[in-house]
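Pasted below: my_file_15.pdb, PDB, C-alpha atoms, pLDDT in the B column.
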```
MODEL        1
ATOM      1  CA  MET A 300     -44.392  42.600 -31.668  1.00 56.00           C
ATOM      2  CA  LYS A 301     -46.807  41.321 -29.022  1.00 57.00           C
ATOM      3  CA  LYS A 302     -48.242  38.917 -31.610  1.00 59.00           C
ATOM      4  CA  LEU A 303     -44.763  37.652 -32.409  1.00 56.00           C
ATOM      5  CA  ILE A 304     -44.011  37.027 -28.741  1.00 54.00           C
ATOM      6  CA  LEU A 305     -47.332  35.251 -28.321  1.00 54.00           C
ATOM      7  CA  LEU A 306     -46.543  33.107 -31.344  1.00 55.00           C
ATOM      8  CA  LEU A 307     -43.078  32.237 -30.036  1.00 55.00           C
ATOM      9  CA  LEU A 308     -44.160  31.432 -26.461  1.00 52.00           C
ATOM     10  CA  PRO A 309     -45.293  27.848 -27.088  1.00 54.00           C
ATOM     11  CA  LEU A 310     -42.064  27.228 -29.008  1.00 52.00           C
ATOM     12  CA  LEU A 311     -39.927  28.599 -26.166  1.00 49.00           C
ATOM     13  CA  SER A 312     -41.716  26.520 -23.559  1.00 48.00           C
ATOM     14  CA  SER A 313     -41.271  23.458 -25.778  1.00 49.00           C
ATOM     15  CA  CYS A 314     -37.523  24.121 -25.865  1.00 48.00           C
ATOM     16  CA  ALA A 315     -37.456  24.328 -22.079  1.00 47.00           C
ATOM     17  CA  LEU A 316     -39.358  21.054 -21.912  1.00 45.00           C
ATOM     18  CA  ILE A 317     -36.941  19.350 -24.320  1.00 47.00           C
ATOM     19  CA  ASP A 318     -34.000  20.694 -22.322  1.00 47.00           C
ATOM     20  CA  ALA A 319     -35.468  19.401 -19.071  1.00 49.00           C
ATOM     21  CA  TYR A 320     -36.050  16.022 -20.702  1.00 49.00           C
ATOM     22  CA  THR A 321     -32.550  15.682 -22.185  1.00 53.00           C
ATOM     23  CA  THR A 322     -30.539  16.987 -19.193  1.00 68.00           C
ATOM     24  CA  ALA A 323     -29.186  14.193 -17.001  1.00 80.00           C
ATOM     25  CA  HIS A 324     -30.794  14.056 -13.577  1.00 88.00           C
ATOM     26  CA  PHE A 325     -29.508  12.879 -10.220  1.00 93.00           C
ATOM     27  CA  ASN A 326     -29.208   9.112 -10.224  1.00 94.00           C
ATOM     28  CA  ILE A 327     -28.720   7.415  -6.863  1.00 96.00           C
ATOM     29  CA  ASN A 328     -27.264   4.240  -8.420  1.00 95.00           C
ATOM     30  CA  GLU A 329     -24.641   6.243 -10.292  1.00 95.00           C
ATOM     31  CA  TYR A 330     -23.821   8.140  -7.105  1.00 97.00           C
ATOM     32  CA  GLN A 331     -23.479   4.930  -5.080  1.00 97.00           C
ATOM     33  CA  HIS A 332     -21.142   3.437  -7.688  1.00 97.00           C
ATOM     34  CA  ILE A 333     -18.825   6.439  -7.536  1.00 97.00           C
ATOM     35  CA  VAL A 334     -18.826   6.471  -3.718  1.00 98.00           C
ATOM     36  CA  ASP A 335     -17.936   2.772  -3.813  1.00 98.00           C
ATOM     37  CA  VAL A 336     -14.999   3.440  -6.161  1.00 98.00           C
ATOM     38  CA  ARG A 337     -13.713   6.273  -3.943  1.00 98.00           C
ATOM     39  CA  THR A 338     -13.998   4.176  -0.780  1.00 98.00           C
ATOM     40  CA  THR A 339     -12.045   1.330  -2.376  1.00 98.00           C
ATOM     41  CA  ALA A 340      -9.414   3.793  -3.632  1.00 98.00           C
ATOM     42  CA  ARG A 341      -8.919   5.160  -0.114  1.00 98.00           C
ATOM     43  CA  THR A 342      -8.536   1.626   1.249  1.00 98.00           C
ATOM     44  CA  GLY A 343      -6.044   0.981  -1.558  1.00 98.00           C
ATOM     45  CA  VAL A 344      -3.785   3.788  -0.368  1.00 98.00           C
ATOM     46  CA  THR A 345      -3.526   2.109   3.039  1.00 98.00           C
ATOM     47  CA  VAL A 346      -2.425  -1.312   1.725  1.00 98.00           C
ATOM     48  CA  CYS A 347       0.286  -0.246  -0.735  1.00 98.00           C
ATOM     49  CA  LYS A 348       3.078  -1.681   1.428  1.00 97.00           C
ATOM     50  CA  ASP A 349       1.630  -5.149   0.867  1.00 97.00           C
ATOM     51  CA  GLN A 350       2.063  -6.117  -2.809  1.00 96.00           C
ATOM     52  CA  ILE A 351      -0.425  -9.003  -2.632  1.00 97.00           C
ATOM     53  CA  LYS A 352      -3.185  -7.013  -0.963  1.00 98.00           C
ATOM     54  CA  ALA A 353      -2.598  -3.984  -3.172  1.00 98.00           C
ATOM     55  CA  SER A 354      -2.594  -6.115  -6.304  1.00 98.00           C
ATOM     56  CA  ALA A 355      -5.878  -7.759  -5.275  1.00 98.00           C
ATOM     57  CA  LEU A 356      -7.434  -4.384  -4.523  1.00 98.00           C
ATOM     58  CA  ALA A 357      -6.255  -3.053  -7.891  1.00 98.00           C
ATOM     59  CA  ILE A 358      -8.254  -5.837  -9.571  1.00 98.00           C
ATOM     60  CA  VAL A 359     -11.280  -5.065  -7.381  1.00 98.00           C
ATOM     61  CA  ILE A 360     -11.242  -1.343  -8.136  1.00 98.00           C
ATOM     62  CA  ALA A 361     -10.734  -1.959 -11.860  1.00 98.00           C
ATOM     63  CA  GLU A 362     -13.824  -4.184 -11.838  1.00 98.00           C
ATOM     64  CA  LYS A 363     -15.777  -1.432 -10.096  1.00 98.00           C
ATOM     65  CA  THR A 364     -14.705   1.265 -12.562  1.00 98.00           C
ATOM     66  CA  GLN A 365     -15.503  -1.048 -15.441  1.00 98.00           C
ATOM     67  CA  MET A 366     -18.920  -1.697 -13.930  1.00 98.00           C
ATOM     68  CA  LEU A 367     -19.490   2.064 -13.636  1.00 97.00           C
ATOM     69  CA  MET A 368     -18.439   2.574 -17.247  1.00 96.00           C
ATOM     70  CA  ILE A 369     -20.801  -0.145 -18.479  1.00 97.00           C
ATOM     71  CA  TYR A 370     -23.601   1.269 -16.306  1.00 96.00           C
ATOM     72  CA  GLU A 371     -23.121   4.760 -17.793  1.00 94.00           C
ATOM     73  CA  GLU A 372     -22.857   3.604 -21.393  1.00 95.00           C
ATOM     74  CA  HIS A 373     -26.496   3.532 -22.428  1.00 94.00           C
ATOM     75  CA  LEU A 374     -28.157   5.883 -19.970  1.00 91.00           C
ATOM     76  CA  PRO A 375     -29.962   8.651 -21.897  1.00 88.00           C
ATOM     77  CA  SER A 376     -28.261  12.081 -22.173  1.00 84.00           C
ATOM     78  CA  ASN A 377     -25.208  10.706 -20.477  1.00 87.00           C
ATOM     79  CA  LYS A 378     -22.355  11.187 -22.935  1.00 88.00           C
ATOM     80  CA  ASP A 379     -20.163  13.218 -20.548  1.00 87.00           C
ATOM     81  CA  SER A 380     -20.616  10.803 -17.649  1.00 89.00           C
ATOM     82  CA  PHE A 381     -19.715   7.878 -19.881  1.00 92.00           C
ATOM     83  CA  LYS A 382     -16.595   9.746 -21.028  1.00 91.00           C
ATOM     84  CA  ALA A 383     -15.624  10.449 -17.400  1.00 91.00           C
ATOM     85  CA  ALA A 384     -16.262   6.838 -16.359  1.00 94.00           C
ATOM     86  CA  THR A 385     -14.138   5.635 -19.286  1.00 95.00           C
ATOM     87  CA  ALA A 386     -11.251   7.899 -18.207  1.00 93.00           C
ATOM     88  CA  LEU A 387     -11.588   6.647 -14.632  1.00 95.00           C
ATOM     89  CA  ASN A 388     -11.570   3.050 -15.817  1.00 96.00           C
ATOM     90  CA  ASP A 389      -8.448   3.670 -17.922  1.00 96.00           C
ATOM     91  CA  ILE A 390      -6.643   4.926 -14.799  1.00 95.00           C
ATOM     92  CA  ALA A 391      -7.681   1.853 -12.789  1.00 97.00           C
ATOM     93  CA  GLN A 392      -6.825  -0.620 -15.574  1.00 97.00           C
ATOM     94  CA  GLY A 393      -3.350   0.950 -15.709  1.00 96.00           C
ATOM     95  CA  LEU A 394      -2.822  -0.069 -12.095  1.00 97.00           C
ATOM     96  CA  VAL A 395      -3.816  -3.680 -12.785  1.00 97.00           C
ATOM     97  CA  LYS A 396      -1.483  -3.724 -15.776  1.00 97.00           C
ATOM     98  CA  ARG A 397       1.385  -2.396 -13.639  1.00 97.00           C
ATOM     99  CA  TYR A 398       0.865  -5.158 -11.056  1.00 97.00           C
ATOM    100  CA  SER A 399       1.331  -7.722 -13.821  1.00 96.00           C
ATOM    101  CA  ASN A 400       4.974  -6.618 -13.835  1.00 95.00           C
ATOM    102  CA  PRO A 401       6.072  -6.552 -10.154  1.00 94.00           C
ATOM    103  CA  PRO A 402       7.558  -5.205  -8.012  1.00 94.00           C
ATOM    104  CA  VAL A 403       5.406  -2.082  -7.927  1.00 95.00           C
ATOM    105  CA  PRO A 404       6.872   0.823  -5.910  1.00 93.00           C
ATOM    106  CA  GLU A 405       4.762   1.775  -2.911  1.00 93.00           C
ATOM    107  CA  THR A 406       4.842   5.381  -4.104  1.00 89.00           C
ATOM    108  CA  PHE A 407       3.381   4.459  -7.492  1.00 93.00           C
ATOM    109  CA  CYS A 408       0.626   2.427  -5.824  1.00 96.00           C
ATOM    110  CA  LYS A 409      -0.288   5.303  -3.491  1.00 93.00           C
ATOM    111  CA  ILE A 410      -0.288   7.931  -6.227  1.00 88.00           C
ATOM    112  CA  LYS A 411      -2.397   5.684  -8.473  1.00 93.00           C
ATOM    113  CA  PHE A 412      -5.046   5.015  -5.825  1.00 96.00           C
ATOM    114  CA  GLU A 413      -5.038   8.702  -4.852  1.00 90.00           C
ATOM    115  CA  GLY A 414      -5.420   9.594  -8.536  1.00 88.00           C
ATOM    116  CA  ILE A 415      -8.451   7.321  -8.813  1.00 94.00           C
ATOM    117  CA  ASP A 416      -9.902   8.919  -5.668  1.00 94.00           C
ATOM    118  CA  ASN A 417      -9.328  12.430  -7.089  1.00 85.00           C
ATOM    119  CA  ALA A 418     -10.779  11.660 -10.515  1.00 88.00           C
ATOM    120  CA  ALA A 419     -13.772   9.915  -8.960  1.00 94.00           C
ATOM    121  CA  GLY A 420     -14.190  12.919  -6.649  1.00 91.00           C
ATOM    122  CA  VAL A 421     -14.555  15.240  -9.644  1.00 83.00           C
ATOM    123  CA  VAL A 422     -17.184  12.924 -11.139  1.00 89.00           C
ATOM    124  CA  GLN A 423     -18.982  12.683  -7.780  1.00 93.00           C
ATOM    125  CA  HIS A 424     -19.114  16.485  -7.569  1.00 88.00           C
ATOM    126  CA  VAL A 425     -20.720  16.720 -11.023  1.00 85.00           C
ATOM    127  CA  ILE A 426     -23.293  13.971 -10.580  1.00 90.00           C
ATOM    128  CA  GLY A 427     -24.059  15.046  -7.020  1.00 92.00           C
ATOM    129  CA  ASN A 428     -25.018  18.532  -8.203  1.00 90.00           C
ATOM    130  CA  ARG A 429     -27.481  17.362 -10.824  1.00 90.00           C
ATOM    131  CA  PRO A 430     -31.141  18.311 -10.385  1.00 91.00           C
ATOM    132  CA  TYR A 431     -33.621  15.725  -9.119  1.00 88.00           C
TER     133      TYR A 431
ATOM    134  CA  MET B 171       9.374  24.806 -20.260  1.00 81.00           C
ATOM    135  CA  THR B 172      12.209  24.561 -17.729  1.00 87.00           C
ATOM    136  CA  LEU B 173      11.757  22.907 -14.347  1.00 86.00           C
ATOM    137  CA  ASP B 174      11.643  26.361 -12.719  1.00 91.00           C
ATOM    138  CA  GLU B 175       8.891  27.466 -15.105  1.00 92.00           C
ATOM    139  CA  ILE B 176       6.959  24.272 -14.393  1.00 92.00           C
ATOM    140  CA  ASN B 177       7.268  24.838 -10.637  1.00 92.00           C
ATOM    141  CA  GLN B 178       6.137  28.466 -11.014  1.00 93.00           C
ATOM    142  CA  ALA B 179       3.141  27.423 -13.114  1.00 93.00           C
ATOM    143  CA  LEU B 180       2.277  24.756 -10.533  1.00 94.00           C
ATOM    144  CA  ALA B 181       2.503  27.288  -7.690  1.00 93.00           C
ATOM    145  CA  LYS B 182       0.181  29.606  -9.639  1.00 93.00           C
ATOM    146  CA  LEU B 183      -2.360  26.794 -10.044  1.00 92.00           C
ATOM    147  CA  ALA B 184      -2.001  25.809  -6.391  1.00 93.00           C
ATOM    148  CA  ASN B 185      -2.957  29.395  -5.458  1.00 93.00           C
ATOM    149  CA  SER B 186      -5.691  29.747  -8.088  1.00 92.00           C
ATOM    150  CA  GLY B 187      -8.438  29.377  -5.498  1.00 92.00           C
ATOM    151  CA  ASP B 188      -9.838  26.395  -7.391  1.00 92.00           C
ATOM    152  CA  GLU B 189      -9.808  23.378  -5.090  1.00 87.00           C
ATOM    153  CA  THR B 190      -9.605  20.798  -7.888  1.00 82.00           C
ATOM    154  CA  PHE B 191      -6.665  22.464  -9.600  1.00 89.00           C
ATOM    155  CA  ALA B 192      -4.878  23.287  -6.352  1.00 91.00           C
ATOM    156  CA  HIS B 193      -5.073  19.584  -5.534  1.00 84.00           C
ATOM    157  CA  ALA B 194      -3.930  18.604  -9.041  1.00 85.00           C
ATOM    158  CA  ALA B 195      -0.979  20.999  -8.836  1.00 90.00           C
ATOM    159  CA  THR B 196       0.116  19.486  -5.519  1.00 88.00           C
ATOM    160  CA  TYR B 197      -0.231  16.039  -7.075  1.00 81.00           C
ATOM    161  CA  VAL B 198       2.049  16.907 -10.010  1.00 88.00           C
ATOM    162  CA  SER B 199       4.567  18.623  -7.695  1.00 89.00           C
ATOM    163  CA  GLN B 200       4.766  15.513  -5.525  1.00 84.00           C
ATOM    164  CA  LEU B 201       5.158  13.400  -8.640  1.00 85.00           C
ATOM    165  CA  ILE B 202       8.141  15.447  -9.804  1.00 87.00           C
ATOM    166  CA  GLN B 203       9.711  15.181  -6.339  1.00 88.00           C
ATOM    167  CA  GLN B 204       9.286  11.400  -6.333  1.00 85.00           C
ATOM    168  CA  VAL B 205      11.110  11.141  -9.654  1.00 86.00           C
ATOM    169  CA  GLN B 206      13.869  13.475  -8.489  1.00 87.00           C
ATOM    170  CA  THR B 207      14.430  11.307  -5.410  1.00 89.00           C
ATOM    171  CA  SER B 208      14.361   8.133  -7.545  1.00 87.00           C
ATOM    172  CA  GLN B 209      11.296   6.761  -5.802  1.00 85.00           C
ATOM    173  CA  LEU B 210       9.617   6.486  -9.191  1.00 88.00           C
ATOM    174  CA  SER B 211      10.926   5.379 -12.576  1.00 89.00           C
ATOM    175  CA  ALA B 212      10.479   7.517 -15.689  1.00 81.00           C
ATOM    176  CA  GLU B 213       8.045   4.897 -17.046  1.00 88.00           C
ATOM    177  CA  ASP B 214       5.919   4.990 -13.907  1.00 91.00           C
ATOM    178  CA  MET B 215       5.936   8.782 -13.965  1.00 86.00           C
ATOM    179  CA  ALA B 216       4.792   8.746 -17.616  1.00 88.00           C
ATOM    180  CA  GLU B 217       1.869   6.481 -16.675  1.00 92.00           C
ATOM    181  CA  LEU B 218       0.921   8.819 -13.810  1.00 90.00           C
ATOM    182  CA  LEU B 219       1.111  11.866 -16.074  1.00 87.00           C
ATOM    183  CA  ARG B 220      -1.166  10.117 -18.564  1.00 91.00           C
ATOM    184  CA  ASP B 221      -3.554   9.605 -15.631  1.00 90.00           C
ATOM    185  CA  MET B 222      -3.459  13.338 -15.004  1.00 87.00           C
ATOM    186  CA  GLU B 223      -4.335  13.948 -18.669  1.00 88.00           C
ATOM    187  CA  ARG B 224      -7.254  11.533 -18.254  1.00 89.00           C
ATOM    188  CA  GLN B 225      -8.355  13.474 -15.177  1.00 84.00           C
ATOM    189  CA  MET B 226      -8.235  16.707 -17.171  1.00 85.00           C
ATOM    190  CA  GLU B 227     -10.562  15.133 -19.758  1.00 84.00           C
ATOM    191  CA  ILE B 228     -13.153  14.657 -17.035  1.00 81.00           C
ATOM    192  CA  ILE B 229     -13.276  18.381 -16.237  1.00 79.00           C
ATOM    193  CA  GLN B 230     -15.942  19.959 -18.439  1.00 73.00           C
ATOM    194  CA  ASP B 231     -16.789  23.076 -16.422  1.00 76.00           C
ATOM    195  CA  ALA B 232     -16.476  26.137 -18.690  1.00 74.00           C
ATOM    196  CA  GLY B 233     -15.207  28.219 -15.747  1.00 80.00           C
ATOM    197  CA  GLN B 234     -12.227  25.892 -15.384  1.00 85.00           C
ATOM    198  CA  LEU B 235     -11.140  25.775 -19.026  1.00 87.00           C
ATOM    199  CA  LYS B 236      -8.234  28.229 -18.609  1.00 89.00           C
ATOM    200  CA  LEU B 237      -6.899  26.296 -15.596  1.00 90.00           C
ATOM    201  CA  LYS B 238      -7.314  23.094 -17.572  1.00 90.00           C
ATOM    202  CA  GLN B 239      -5.250  24.543 -20.429  1.00 90.00           C
ATOM    203  CA  ASP B 240      -2.566  25.643 -17.947  1.00 90.00           C
ATOM    204  CA  MET B 241      -2.425  22.171 -16.397  1.00 90.00           C
ATOM    205  CA  ASN B 242      -2.230  20.484 -19.810  1.00 90.00           C
ATOM    206  CA  ALA B 243       0.683  22.798 -20.691  1.00 91.00           C
ATOM    207  CA  ILE B 244       2.433  21.809 -17.449  1.00 91.00           C
ATOM    208  CA  ILE B 245       1.917  18.105 -18.143  1.00 90.00           C
ATOM    209  CA  LYS B 246       3.292  18.557 -21.660  1.00 90.00           C
ATOM    210  CA  GLY B 247       6.260  20.440 -20.171  1.00 90.00           C
ATOM    211  CA  VAL B 248       7.002  17.663 -17.678  1.00 88.00           C
ATOM    212  CA  PHE B 249       6.750  15.041 -20.442  1.00 86.00           C
ATOM    213  CA  THR B 250       9.213  16.991 -22.603  1.00 85.00           C
ATOM    214  CA  LEU B 251      11.591  17.566 -19.708  1.00 80.00           C
ATOM    215  CA  ALA B 252      11.455  13.907 -18.683  1.00 75.00           C
ATOM    216  CA  SER B 253      12.162  12.774 -22.245  1.00 72.00           C
ATOM    217  CA  ILE B 254      15.307  14.956 -22.284  1.00 67.00           C
ATOM    218  CA  ILE B 255      16.585  13.858 -18.860  1.00 63.00           C
ATOM    219  CA  TYR B 256      15.703  10.130 -18.919  1.00 59.00           C
TER     220      TYR B 256
ENDMDL
END
```

Take the structure in the file and give it back as structure tokens.
Amino acid sequence: MKKLILLLLPLLSSCALIDAYTTAHFNINEYQHIVDVRTTARTGVTVCKDQIKASALAIVIAEKTQMLMIYEEHLPSNKDSFKAATALNDIAQGLVKRYSNPPVPETFCKIKFEGIDNAAGVVQHVIGNRPY
Amino acid sequence: MTLDEINQALAKLANSGDETFAHAATYVSQLIQQVQTSQLSAEDMAELLRDMERQMEIIQDAGQLKLKQDMNAIIKGVFTLASIIY
């Protein structure tokens, strides 16, 4: 039994090494992107009464979520983050699409921006808790 | 699901002790209220519910899977109810 354990030890440590290599680590750029999206979303909530400002901010936030999605796409071991960024981008693109058919109710605008803030908050929580 | 059942399920999620789902439950409750008071159209509500589904996709934590299932059931219930009413 002892021999078996001794034989398996290098294999087990290799698995740990592979796991450490393939697990996504904290990435400051990724974190900054998500903070940027959340900040813009919170500003968005405050300008919903003004259709022109809100529409412009919808385009800005959609560009930011698209940028995040593109950034995440080819990072190694990053499938879940890419999926989350894609979902976030879909939410933001929906807002831009809605502004192409005005008028947009203030309530819809607020809920949309709040939704982006919430979704981005979940992503921020996940990426913020990753190991260095 | 009736509207009462949806509201009960939302209240249960709001008191689940999970911050994310408590927030999501409040969000859906507010959404229903906005539609009831005609501040939102059925189309806009459908878009916002789809957003909630997208938000559920983001949640991958195994400890939250049951709450995620409950929320998806609520969303489906609201969709069905809205399609009957509007």

Go through chain B residue by residue and, counting only C-alpha atoms, keep those with an atom at most 12 Å from chain A; for each kept residue give the shortest atom pair and its distance in Å to one decimal, ordered by chain and increasing number, as JSON lines.
```
{"residue": "B:Glu189", "atom": "CA", "partner": "A:Val421", "partner_atom": "CA", "distance": 10.5}
{"residue": "B:Thr190", "atom": "CA", "partner": "A:Val421", "partner_atom": "CA", "distance": 7.6}
{"residue": "B:Phe191", "atom": "CA", "partner": "A:Asn417", "partner_atom": "CA", "distance": 10.7}
{"residue": "B:Ala192", "atom": "CA", "partner": "A:Asn417", "partner_atom": "CA", "distance": 11.8}
{"residue": "B:His193", "atom": "CA", "partner": "A:Asn417", "partner_atom": "CA", "distance": 8.5}
{"residue": "B:Ala194", "atom": "CA", "partner": "A:Asn417", "partner_atom": "CA", "distance": 8.4}
{"residue": "B:Thr196", "atom": "CA", "partner": "A:Ile410", "partner_atom": "CA", "distance": 11.6}
{"residue": "B:Tyr197", "atom": "CA", "partner": "A:Ile410", "partner_atom": "CA", "distance": 8.2}
{"residue": "B:Val198", "atom": "CA", "partner": "A:Ile410", "partner_atom": "CA", "distance": 10.0}
{"residue": "B:Ser199", "atom": "CA", "partner": "A:Ile410", "partner_atom": "CA", "distance": 11.8}
{"residue": "B:Gln200", "atom": "CA", "partner": "A:Ile410", "partner_atom": "CA", "distance": 9.1}
{"residue": "B:Leu201", "atom": "CA", "partner": "A:Ile410", "partner_atom": "CA", "distance": 8.1}
{"residue": "B:Ile202", "atom": "CA", "partner": "A:Ile410", "partner_atom": "CA", "distance": 11.8}
{"residue": "B:Gln203", "atom": "CA", "partner": "A:Thr406", "partner_atom": "CA", "distance": 11.2}
{"residue": "B:Gln204", "atom": "CA", "partner": "A:Thr406", "partner_atom": "CA", "distance": 7.8}
{"residue": "B:Val205", "atom": "CA", "partner": "A:Thr406", "partner_atom": "CA", "distance": 10.2}
{"residue": "B:Thr207", "atom": "CA", "partner": "A:Thr406", "partner_atom": "CA", "distance": 11.3}
{"residue": "B:Ser208", "atom": "CA", "partner": "A:Thr406", "partner_atom": "CA", "distance": 10.5}
{"residue": "B:Gln209", "atom": "CA", "partner": "A:Thr406", "partner_atom": "CA", "distance": 6.8}
{"residue": "B:Leu210", "atom": "CA", "partner": "A:Phe407", "partner_atom": "CA", "distance": 6.8}
{"residue": "B:Ser211", "atom": "CA", "partner": "A:Pro404", "partner_atom": "CA", "distance": 9.0}
{"residue": "B:Ala212", "atom": "CA", "partner": "A:Phe407", "partner_atom": "CA", "distance": 11.3}
{"residue": "B:Glu213", "atom": "CA", "partner": "A:Arg397", "partner_atom": "CA", "distance": 10.4}
{"residue": "B:Asp214", "atom": "CA", "partner": "A:Phe407", "partner_atom": "CA", "distance": 6.9}
{"residue": "B:Met215", "atom": "CA", "partner": "A:Phe407", "partner_atom": "CA", "distance": 8.2}
{"residue": "B:Ala216", "atom": "CA", "partner": "A:Phe407", "partner_atom": "CA", "distance": 11.1}
{"residue": "B:Glu217", "atom": "CA", "partner": "A:Gly393", "partner_atom": "CA", "distance": 7.7}
{"residue": "B:Leu218", "atom": "CA", "partner": "A:Lys411", "partner_atom": "CA", "distance": 7.0}
{"residue": "B:Leu219", "atom": "CA", "partner": "A:Gly414", "partner_atom": "CA", "distance": 10.2}
{"residue": "B:Arg220", "atom": "CA", "partner": "A:Ile390", "partner_atom": "CA", "distance": 8.4}
{"residue": "B:Asp221", "atom": "CA", "partner": "A:Ile390", "partner_atom": "CA", "distance": 5.7}
{"residue": "B:Met222", "atom": "CA", "partner": "A:Gly414", "partner_atom": "CA", "distance": 7.7}
{"residue": "B:Glu223", "atom": "CA", "partner": "A:Ala386", "partner_atom": "CA", "distance": 9.2}
{"residue": "B:Arg224", "atom": "CA", "partner": "A:Ala386", "partner_atom": "CA", "distance": 5.4}
{"residue": "B:Gln225", "atom": "CA", "partner": "A:Ala418", "partner_atom": "CA", "distance": 5.6}
{"residue": "B:Met226", "atom": "CA", "partner": "A:Ala418", "partner_atom": "CA", "distance": 8.7}
{"residue": "B:Glu227", "atom": "CA", "partner": "A:Ala383", "partner_atom": "CA", "distance": 7.3}
{"residue": "B:Ile228", "atom": "CA", "partner": "A:Ala383", "partner_atom": "CA", "distance": 4.9}
{"residue": "B:Ile229", "atom": "CA", "partner": "A:Val421", "partner_atom": "CA", "distance": 7.4}
{"residue": "B:Gln230", "atom": "CA", "partner": "A:Asp379", "partner_atom": "CA", "distance": 8.2}
{"residue": "B:Asp231", "atom": "CA", "partner": "A:Val425", "partner_atom": "CA", "distance": 9.2}
```

Check your understanding: If we count all atoms listed in the file, what is near A:Gln423 at a cut-off of 8 Å, once residues fewer than 6 positions away on the same chain are taken out, given as number ranges by chain?
Key -> A: 330, 333-334

Exercise for review: Output the residue selection produced by the PyMOL selection byres ((chain B and resi 175-180) around 10) on the file above, formatted as an NGL selection string.
Suggested key: :B and (171-174 or 181-186 or 191-192 or 194-199 or 202 or 240-241 or 243-248 or 251)

Practice item. Report the residues retrieved by the PyMOL selection byres ((chain A and resi 351) around 12) from the displayed file, expressed as a ChimeraX atom specification. Key: /A:343,346-350,352-358,395,398-399,401-403,405,408

Review point. How many Å separate atom CA of A:His332 from atom CA of A:Thr345?
Key: 20.7 Å

Point to revise | Polymer residues at most 12 Å from A:Ala323, only C-alpha atoms, same-chain spacing of 6 or more positions, as a PyMOL selection string | key: chain A and resi 317+329+371+374-381+425-431

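As for atom CA of A:Arg341 and atom CA of A:Phe412, they are spaced 6.9 Å apart.
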
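If you look at atom CA of A:Gln392 and atom CA of A:Ala361, they are 5.6 Å away from each other.
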
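The shortest atom-to-atom distance to A:Ala340, with all atoms listed in the file taken into account, belongs to A:Asp416 out of A:Asp416, A:Met366, A:His424, A:Glu372.
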
Grab all the atoms of stretch 357-375 of chain A that the file lists, wrap them in a box along x, y and z, add 3 Å per side, and give me centre plus edge lengths in Å (one decimal) as AutoDock Vina command-line options.
```
--center_x -18.1 --center_y 1.4 --center_z -14.9 --size_x 29.7 --size_y 20.5 --size_z 21.0
```
